[in-house]
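Colleague: I'd like to ask you about the structure that follows.
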Amino acid sequence: MTSGVTAMDDFLIKFFPKIHERKLHAKEDNYCKYDDQMLQLFTSSLYLAALVASFGASKACTVFGRKPTIMVASTFFLAGAGFSAGAEHKWMLILGRILFGFGVGFGNEAVPVFLSEIAPVQHRGAVNILFQLFVTIGIFIANLVNYSTSTVHPYGWRVSLGCAAIPGLVLFFGSIILTESPTSLVERGKDTDGKAALKKIRGVDEVDAEYEEIKKACELAKEVKQPLKKLMKRSSVPPMTIGILMQIFQQLTGINAIMFYAPVLFQTMGFKNDASLLSAVITGIVNVASTFVSIYAVDKVGRRKLLLQACVQMFIAQTSIGAILLVHLKTTGTMNSGLAAVVVVLVCLYVMCFAWSWGPMGWLIPSETFPLETRTAGFAFAVSSNMFMTFVIAQAFLSMLCHMRAFIFFFFSAWILVMGLFVVFLLPETKGVPIDSIVERVWKQHPVWEKFMDDNDDEKNRQIA
């Protein structure tokens with residue numbers, strides 16, 4: 001919702017009148033008209049709150065289970081929507097964003113882990129990517145709402161922010177009827193309930209082999225009394241490195257810079273307010289449609305191939321956008337409408353390949369690479385890394401756009417090259433590997449990471465723990 005709201009005149013007049021004045025001046029610097037730290041804080045404060053909340057969510061997941069943690073996330077969303085829609089002062093806006101951030105922190109911690117734990121191994125990638133699919137659907141619906149409310153004066157922005165309560169309600173009632181993860185139940189000593197939940201989820205009575213595998217993993221996990229201390233051990237270096245870098249690189253693709261500020265970016269190129277919001281709707285449609293490609297392909301072609309293909313396509317799209325803006329978008333004036341349309345197409349091509357690669361894989365891979373004893377704690381570090389980088393990008397993008405101008409797209413392109421090298425040399429393939437066999441079948445077989453997985457070292461760590 002935020003990206004469209006920050007482009008609405010009524011919202012700017014009430015909370016950021018200086019930006020609205022700058023926006024009205026035809027000769028104002030195209031790249032700097034939205035450069036305002038408070039406006040960026042309105043967007044980025046959510047992610048700083050989510051960073052902090054992810055560690056509390058990790059503990060809640062372990063102690064209370066995945067299902068209650070998801071329910072807590074929904075209550076934060078509802079409270080955030082109330083404060084945001086009813087805001088009369090900037091502090092109320094920021095408080096609403098912080099509450100949204102707590103919801104994001106709890107939800108992003110619990111949902112991917114829950115999905116990875118309940119999914120059959122042959123479909124784990126596709127099931128986990130449902131999380132990303134519904135994120136993209138939410139972005140698309142938010143863009144539609146913003147497009148519809150942009151002409152509702154003077155309170156259209158309140159309607160947009162208030163509509164965030166709807167997914168919060170869906171999540172709340174959904175968490176009531178949700179079946180808890182069998183792994184979570186067994187982990188908390190509820191073996192009978194865990195086996196019953198596994199039968200319900202699988203739809204069959206013969207689940208003994210999978211149940212025993214879960215029980216064995218939980219017994220090993222119980223030997224580790226301090227998961228955070230275990231994460232500091234040598235054997236945790238591979239999953240921690242991969243989990244954190246996947247999340248950091250996901251943001252360094254530049255996706256959130258584009259998705260947060262798509263309407264602002266398109267206005268910078270000369271689109272009118274409604275046209276810029278419509279362009280954001282178009283990119284939202286591409287985002288949703290392309291995520292289905294990932295659902296279909298992830299368990300067939302694997303994680304690595306999707307990531308590498310996307311690096312090539314994103315690099316071409318980003319450098320092309322940068323080149324066009326560098327040559328044709330001057331400090332003042334607008335861009336030729338034909339070239340502006342080309343930029344929209346390039347943005348769509350960029351969003352397209354992100355949606356079937358780094359978007360969903362950024363959540364899938366960290367959720368499946370940690371052993372059970374450090375899964376929630378390790379994933380909390382991954383989530384917090386994502387939230388920190390999202391905060392940095394959201395807080396800095398408009399200022400970076402002002403100072404770096406078109407070169408900002410070359411900045412993100414350079415990082416995409418680094419990401420491609422990371423996939424080639426450091427990222428193992430996890431397609432078709434049971435989630436509780438990752439250590440034996442992935443880390444111990446990888447030419448770089450195997451040296452961190454010495455059996456004697458692992459056993460010593462267990463004894464120490």
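Following the order of the structure tokens, first chain is A, next is B, and so on, with residues numbered from 1 inside each chain and ligands from 1 in the order they appear.
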Extract, using only C-alpha atoms, all DNA, RNA and protein residues at most 8 Å from A:Leu161, discarding same-chain residues fewer than 6 positions from it, and format them as a PyMOL selection string.

Modeller: chain A and resi 1-2+5+81+84-85

Colleague: Compile the contact shell of A:Val439 as a PyMOL selection string: residues with an atom at most 12 Å away, counting only C-alpha atoms, same-chain residues fewer than 3 positions apart removed.

Modeller: chain A and resi 217+235-239+368-372+428+430+433-436+442-446+449-450+452-455+458

Colleague: Selection from above, N, CA, C and O atoms, as a JSON list (two decimals), in the first residue's frame, can you write it?

Modeller:
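After the write, again_9.json holds the following:
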[["chain", "number", "residue", "atom", "x", "y", "z"],
["A", 217, "ALA", "N", 14.85, -36.34, 14.43],
["A", 217, "ALA", "CA", 15.36, -34.97, 14.31],
["A", 217, "ALA", "C", 15.07, -34.17, 15.58],
["A", 217, "ALA", "O", 15.90, -33.37, 16.03],
["A", 235, "SER", "N", 30.02, -25.99, 12.37],
["A", 235, "SER", "CA", 29.09, -26.72, 11.50],
["A", 235, "SER", "C", 27.88, -25.88, 11.09],
["A", 235, "SER", "O", 27.15, -26.26, 10.17],
["A", 236, "SER", "N", 27.66, -24.75, 11.76],
["A", 236, "SER", "CA", 26.54, -23.88, 11.39],
["A", 236, "SER", "C", 26.93, -22.80, 10.40],
["A", 236, "SER", "O", 26.07, -22.05, 9.93],
["A", 237, "VAL", "N", 28.22, -22.73, 10.06],
["A", 237, "VAL", "CA", 28.67, -21.70, 9.12],
["A", 237, "VAL", "C", 27.99, -21.82, 7.76],
["A", 237, "VAL", "O", 27.51, -20.82, 7.21],
["A", 238, "PRO", "N", 27.91, -23.02, 7.15],
["A", 238, "PRO", "CA", 27.28, -23.11, 5.82],
["A", 238, "PRO", "C", 25.83, -22.64, 5.78],
["A", 238, "PRO", "O", 25.50, -21.76, 4.97],
["A", 239, "PRO", "N", 24.92, -23.18, 6.61],
["A", 239, "PRO", "CA", 23.53, -22.70, 6.52],
["A", 239, "PRO", "C", 23.38, -21.23, 6.91],
["A", 239, "PRO", "O", 22.56, -20.51, 6.32],
["A", 368, "GLU", "N", 14.92, -24.27, 4.40],
["A", 368, "GLU", "CA", 15.13, -25.71, 4.27],
["A", 368, "GLU", "C", 16.56, -26.15, 4.53],
["A", 368, "GLU", "O", 16.85, -27.36, 4.49],
["A", 369, "THR", "N", 17.46, -25.24, 4.81],
["A", 369, "THR", "CA", 18.87, -25.61, 4.94],
["A", 369, "THR", "C", 19.37, -25.72, 6.37],
["A", 369, "THR", "O", 20.45, -26.25, 6.61],
["A", 370, "PHE", "N", 18.61, -25.23, 7.36],
["A", 370, "PHE", "CA", 19.02, -25.35, 8.75],
["A", 370, "PHE", "C", 18.52, -26.68, 9.34],
["A", 370, "PHE", "O", 17.38, -27.07, 9.09],
["A", 371, "PRO", "N", 19.35, -27.38, 10.14],
["A", 371, "PRO", "CA", 18.85, -28.55, 10.87],
["A", 371, "PRO", "C", 17.84, -28.12, 11.92],
["A", 371, "PRO", "O", 17.81, -26.95, 12.32],
["A", 372, "LEU", "N", 17.02, -29.04, 12.37],
["A", 372, "LEU", "CA", 15.92, -28.70, 13.27],
["A", 372, "LEU", "C", 16.38, -27.99, 14.53],
["A", 372, "LEU", "O", 15.74, -27.04, 14.99],
["A", 428, "PRO", "N", 24.56, -24.74, -2.85],
["A", 428, "PRO", "CA", 24.26, -26.13, -3.23],
["A", 428, "PRO", "C", 22.82, -26.27, -3.70],
["A", 428, "PRO", "O", 21.97, -25.44, -3.39],
["A", 430, "THR", "N", 19.28, -28.08, -3.45],
["A", 430, "THR", "CA", 18.52, -28.80, -2.41],
["A", 430, "THR", "C", 17.26, -29.46, -2.96],
["A", 430, "THR", "O", 16.46, -29.98, -2.20],
["A", 433, "VAL", "N", 15.74, -33.14, -1.74],
["A", 433, "VAL", "CA", 16.42, -33.63, -0.53],
["A", 433, "VAL", "C", 15.50, -33.44, 0.67],
["A", 433, "VAL", "O", 15.03, -32.32, 0.92],
["A", 434, "PRO", "N", 15.20, -34.51, 1.45],
["A", 434, "PRO", "CA", 14.35, -34.35, 2.64],
["A", 434, "PRO", "C", 14.94, -33.29, 3.57],
["A", 434, "PRO", "O", 16.17, -33.19, 3.74],
["A", 435, "ILE", "N", 14.07, -32.51, 4.18],
["A", 435, "ILE", "CA", 14.52, -31.36, 4.96],
["A", 435, "ILE", "C", 15.41, -31.74, 6.14],
["A", 435, "ILE", "O", 16.30, -31.00, 6.53],
["A", 436, "ASP", "N", 15.20, -32.94, 6.70],
["A", 436, "ASP", "CA", 16.02, -33.37, 7.83],
["A", 436, "ASP", "C", 17.22, -34.21, 7.40],
["A", 436, "ASP", "O", 17.91, -34.80, 8.24],
["A", 442, "VAL", "N", 23.66, -32.73, 1.54],
["A", 442, "VAL", "CA", 23.98, -31.46, 0.87],
["A", 442, "VAL", "C", 25.29, -30.90, 1.38],
["A", 442, "VAL", "O", 26.28, -30.80, 0.65],
["A", 443, "TRP", "N", 25.32, -30.51, 2.68],
["A", 443, "TRP", "CA", 26.50, -29.83, 3.19],
["A", 443, "TRP", "C", 27.74, -30.71, 3.16],
["A", 443, "TRP", "O", 28.84, -30.26, 2.81],
["A", 444, "LYS", "N", 27.60, -31.98, 3.52],
["A", 444, "LYS", "CA", 28.76, -32.88, 3.55],
["A", 444, "LYS", "C", 29.21, -33.32, 2.16],
["A", 444, "LYS", "O", 30.27, -33.95, 2.03],
["A", 445, "GLN", "N", 28.43, -33.00, 1.13],
["A", 445, "GLN", "CA", 28.81, -33.37, -0.24],
["A", 445, "GLN", "C", 29.32, -32.18, -1.04],
["A", 445, "GLN", "O", 29.78, -32.34, -2.17],
["A", 446, "HIS", "N", 29.25, -30.98, -0.47],
["A", 446, "HIS", "CA", 29.63, -29.77, -1.23],
["A", 446, "HIS", "C", 31.13, -29.53, -1.12],
["A", 446, "HIS", "O", 31.70, -29.59, -0.02],
["A", 449, "TRP", "N", 31.75, -26.48, 1.40],
["A", 449, "TRP", "CA", 31.17, -26.53, 2.73],
["A", 449, "TRP", "C", 31.47, -27.82, 3.48],
["A", 449, "TRP", "O", 31.31, -27.88, 4.72],
["A", 450, "GLU", "N", 31.92, -28.88, 2.81],
["A", 450, "GLU", "CA", 32.14, -30.16, 3.50],
["A", 450, "GLU", "C", 33.18, -30.05, 4.61],
["A", 450, "GLU", "O", 33.10, -30.75, 5.62],
["A", 452, "PHE", "N", 33.49, -27.86, 6.71],
["A", 452, "PHE", "CA", 32.90, -27.31, 7.94],
["A", 452, "PHE", "C", 32.05, -28.35, 8.67],
["A", 452, "PHE", "O", 31.58, -28.09, 9.78],
["A", 453, "MET", "N", 31.85, -29.51, 8.05],
["A", 453, "MET", "CA", 30.88, -30.47, 8.58],
["A", 453, "MET", "C", 31.53, -31.73, 9.11],
["A", 453, "MET", "O", 31.00, -32.83, 8.98],
["A", 454, "ASP", "N", 32.69, -31.61, 9.71],
["A", 454, "ASP", "CA", 33.42, -32.76, 10.24],
["A", 454, "ASP", "C", 32.59, -33.48, 11.30],
["A", 454, "ASP", "O", 32.08, -32.88, 12.24],
["A", 455, "ASP", "N", 32.47, -34.82, 11.17],
["A", 455, "ASP", "CA", 31.64, -35.61, 12.10],
["A", 455, "ASP", "C", 32.11, -35.48, 13.54],
["A", 455, "ASP", "O", 31.31, -35.36, 14.48],
["A", 458, "ASP", "N", 31.07, -32.20, 14.93],
["A", 458, "ASP", "CA", 29.63, -32.19, 15.23],
["A", 458, "ASP", "C", 29.34, -32.91, 16.55],
["A", 458, "ASP", "O", 28.56, -32.46, 17.37]]

Colleague: Find the residue from A:Pro366, A:Gly101, A:Pro447, A:Pro182 that sits nearest to A:Arg202; use only C-alpha atoms when measuring.

Modeller: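 That would be A:Pro182, the residue with the smallest distance to A:Arg202.
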
Colleague: Between atom CA of A:Ala209 and atom CA of A:Cys61, what is the distance in Å, rounded to a tenth?

Modeller: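 Those two atoms sit 24.9 Å apart.
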
Colleague: Return the single residue from A:Thr241, A:Asn287, A:Ser320, A:Asn143 that is closest to A:Ile255, with distances computed using only C-alpha atoms.

Modeller: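 Ranked by minimum distance to A:Ile255, first place goes to A:Asn287.
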
Colleague: Considering only C-alpha atoms, can you say which of A:Phe409, A:Phe11, A:Trp356, A:Tyr296 comes closest to A:Pro154?

Modeller: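 That would be A:Phe11, the residue with the smallest distance to A:Pro154.
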
Colleague: Find the residues near A:Ala355: any atom within 8 Å, counting only C-alpha atoms, skip ones fewer than 6 places away on the same chain, and give them as a PyMOL selection string.

Modeller: chain A and resi 287-288+290-291+294

Colleague: What lies within 12 Å of A:Thr253 using only C-alpha atoms, ignoring chain neighbours under 5 positions off, as number ranges by chain?

Modeller: A: 246-248, 258-259, 307, 310-315, 317-318, 350-351, 353-355, 357-359, 362, 389-390, 393, 408-420

Colleague: Do a neighbour search on A:Gly96 at 10 Å with only C-alpha atoms, toss out local chain neighbours closer than 6 positions, and write the hits as an mmCIF file with N, CA and C atoms, in the first residue's frame.

Modeller:
data_model
loop_
_atom_site.group_PDB
_atom_site.id
_atom_site.type_symbol
_atom_site.label_atom_id
_atom_site.label_comp_id
_atom_site.auth_asym_id
_atom_site.auth_seq_id
_atom_site.Cartn_x
_atom_site.Cartn_y
_atom_site.Cartn_z
ATOM 1 N N PHE A 42 8.832 6.725 6.809
ATOM 2 C CA PHE A 42 7.467 6.193 6.807
ATOM 3 C C PHE A 42 7.449 4.813 6.159
ATOM 4 N N SER A 45 10.468 2.261 8.335
ATOM 5 C CA SER A 45 10.327 1.935 9.755
ATOM 6 C C SER A 45 9.712 0.561 9.963
ATOM 7 N N LEU A 46 8.861 0.139 9.047
ATOM 8 C CA LEU A 46 8.251 -1.188 9.130
ATOM 9 C C LEU A 46 9.322 -2.267 9.206
ATOM 10 N N PHE A 76 -1.015 -7.977 15.103
ATOM 11 C CA PHE A 76 -0.185 -6.802 14.827
ATOM 12 C C PHE A 76 -0.631 -6.101 13.539
ATOM 13 N N PHE A 77 -0.978 -6.879 12.519
ATOM 14 C CA PHE A 77 -1.448 -6.297 11.265
ATOM 15 C C PHE A 77 -2.725 -5.484 11.487
ATOM 16 N N LEU A 78 -3.636 -6.035 12.281
ATOM 17 C CA LEU A 78 -4.898 -5.340 12.545
ATOM 18 C C LEU A 78 -4.663 -4.032 13.294
ATOM 19 N N ALA A 79 -3.790 -4.072 14.303
ATOM 20 C CA ALA A 79 -3.493 -2.859 15.067
ATOM 21 C C ALA A 79 -2.801 -1.811 14.190
ATOM 22 N N GLY A 80 -1.882 -2.266 13.338
ATOM 23 C CA GLY A 80 -1.178 -1.349 12.442
ATOM 24 C C GLY A 80 -2.117 -0.673 11.467
ATOM 25 N N ALA A 81 -3.079 -1.428 10.939
ATOM 26 C CA ALA A 81 -4.047 -0.850 10.004
ATOM 27 C C ALA A 81 -4.890 0.218 10.686
ATOM 28 N N GLY A 82 -5.263 -0.032 11.935
ATOM 29 C CA GLY A 82 -6.073 0.933 12.671
ATOM 30 C C GLY A 82 -5.346 2.248 12.898
ATOM 31 N N PHE A 83 -4.102 2.175 13.375
ATOM 32 C CA PHE A 83 -3.321 3.394 13.615
ATOM 33 C C PHE A 83 -3.027 4.144 12.314
ATOM 34 N N SER A 84 -2.697 3.402 11.256
ATOM 35 C CA SER A 84 -2.322 4.047 9.991
ATOM 36 C C SER A 84 -3.508 4.761 9.353
ATOM 37 N N ALA A 85 -4.652 4.072 9.290
ATOM 38 C CA ALA A 85 -5.825 4.659 8.640
ATOM 39 C C ALA A 85 -6.367 5.857 9.419
ATOM 40 N N GLY A 86 -6.206 5.831 10.740
ATOM 41 C CA GLY A 86 -6.739 6.919 11.561
ATOM 42 C C GLY A 86 -5.724 7.992 11.902
ATOM 43 N N ALA A 87 -4.560 7.935 11.289
ATOM 44 C CA ALA A 87 -3.469 8.847 11.652
ATOM 45 C C ALA A 87 -3.827 10.311 11.418
ATOM 46 N N LYS A 90 2.269 12.607 12.219
ATOM 47 C CA LYS A 90 3.314 11.734 11.677
ATOM 48 C C LYS A 90 3.658 10.595 12.632
ATOM 49 N N LEU A 161 -4.670 2.486 3.399
ATOM 50 C CA LEU A 161 -3.970 1.955 4.570
ATOM 51 C C LEU A 161 -4.896 1.104 5.436
#

Colleague: Smallest atom-to-atom distance to A:Ser148: which of A:Pro112, A:Gly4, A:Val345, A:Ala196, using only C-alpha atoms?

Modeller: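 Among the listed residues, the smallest separation from A:Ser148 belongs to A:Gly4.
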
Colleague: When DSSP is applied to the backbone of this structure, which of stretch 331-362 of chain A are assigned alpha helix (DSSP H)? Write them out as an MDAnalysis selection string.

Modeller: chainID A and resid 337:355 358:362

Colleague: Between A:Arg405, A:Lys14, A:Lys190, A:His153, which one has atoms that come closest to A:Cys218, using only C-alpha atoms?

Modeller: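 Nearest to A:Cys218: A:Lys190.
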
Colleague: Within 9 Å of stretch 63-75 of chain A, counting only C-alpha atoms, which residues show up once you throw out same-chain ones fewer than 3 positions away? Write them as a ChimeraX atom specification, please.

Modeller: /A:57-60,78-80,100,102-111,113-114,165,167-176,178-181,184-185,188

Colleague: Which residues come within 8 Å of A:His20, counting only C-alpha atoms, excluding same-chain residues fewer than 5 positions away, as number ranges by chain?

Modeller: A: 9, 12-13

Colleague: Could you please determine the separation between atom CA of A:Ala323 and atom CA of A:Glu21 in Å, to one decimal place?

Modeller: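 Atom-to-atom, atom CA of A:Ala323 to atom CA of A:Glu21, that is 29.7 Å.
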
Colleague: Nearest to A:Leu39 among A:Ala126, A:Val121, A:Leu346, A:Leu93, with distances taken over only C-alpha atoms: which residue is it?

Modeller: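 Of the candidates, the smallest distance to A:Leu39 is held by A:Leu93.
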
Colleague: Have a look at atom CA of A:Gly56 and atom CA of A:Lys229 and let me know their distance in Å, one decimal.

Modeller: 16.6 Å
